[in-house]
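Colleague: Below: one structure in structure tokens.
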Amino acid sequence: MPEMNGRDLADRVLALKPTVRHLFMSGYTVSVLPHHGALWPGANFIQNPFSKGALAVKVRQILDGSQ
């Protein structure tokens with residue numbers, strides 16, 4: 001996305017629909033991203049690289065509200 005990052009997009013979507021579930025992914029670690037303003041505390045996150053199984057588990061957790 002040339003004009004925004006994932007957090008900017010999530011902020012825009014959440015402003016329109018606050019209950020939408022979302023998942024951030026990055027090659028950076030979750031400990032680095034908040035310091036750059038890319039994530040907020042408690043954000044749903046999966047680190048690259050990840051397997052299809054790990055993605056499926058994470059998405060299921062988010063949909064079930066257990067994340």
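The way I read the labels, and the way they are meant: chains A, B, ... in the order of the structure tokens, residue 1 as the first residue of every chain, and ligand 1 as the first ligand shown, with later ones counted on from there.
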Using only C-alpha atoms, I'd like a table of the residues in region 3-32 of chain A that come within 9 Å of region 56-65 of chain A; for each, show the closest atom pair and its distance in Å rounded to one decimal, ordered by chain and ascending number, as CSV.

Modeller:
```
residue,atom,partner,partner_atom,distance
A:Arg21,CA,A:Ile62,CA,7.0
A:His22,CA,A:Ile62,CA,7.8
A:Leu23,CA,A:Val59,CA,7.7
```

Colleague: Name the residues in contact with Met25 (chain A) at a cut-off of 9 Å, using only C-alpha atoms, excluding same-chain residues fewer than 3 positions from it; report them as number ranges by chain.

Modeller: A: 6, 28, 44-48

Colleague: One decimal, in Å: what's the spacing between CA of Arg7 (chain A) and CA of Ser26 (chain A)?

Modeller: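 Calculated distance between CA of Arg7 (chain A) and CA of Ser26 (chain A) is 11.6 Å.
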
Colleague: What does the structure give for the distance between CA of Ser66 (chain A) and CA of Gly42 (chain A), in Å to one decimal?

Modeller: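 Spanning CA of Ser66 (chain A) to CA of Gly42 (chain A) is a straight-line distance of 12.3 Å.
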
Colleague: Would you mind reading off the distance between CA of Pro49 (chain A) and CA of Lys17 (chain A), one decimal, in Å?

Modeller: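 Distance reported for this atom pair: 29.1 Å.
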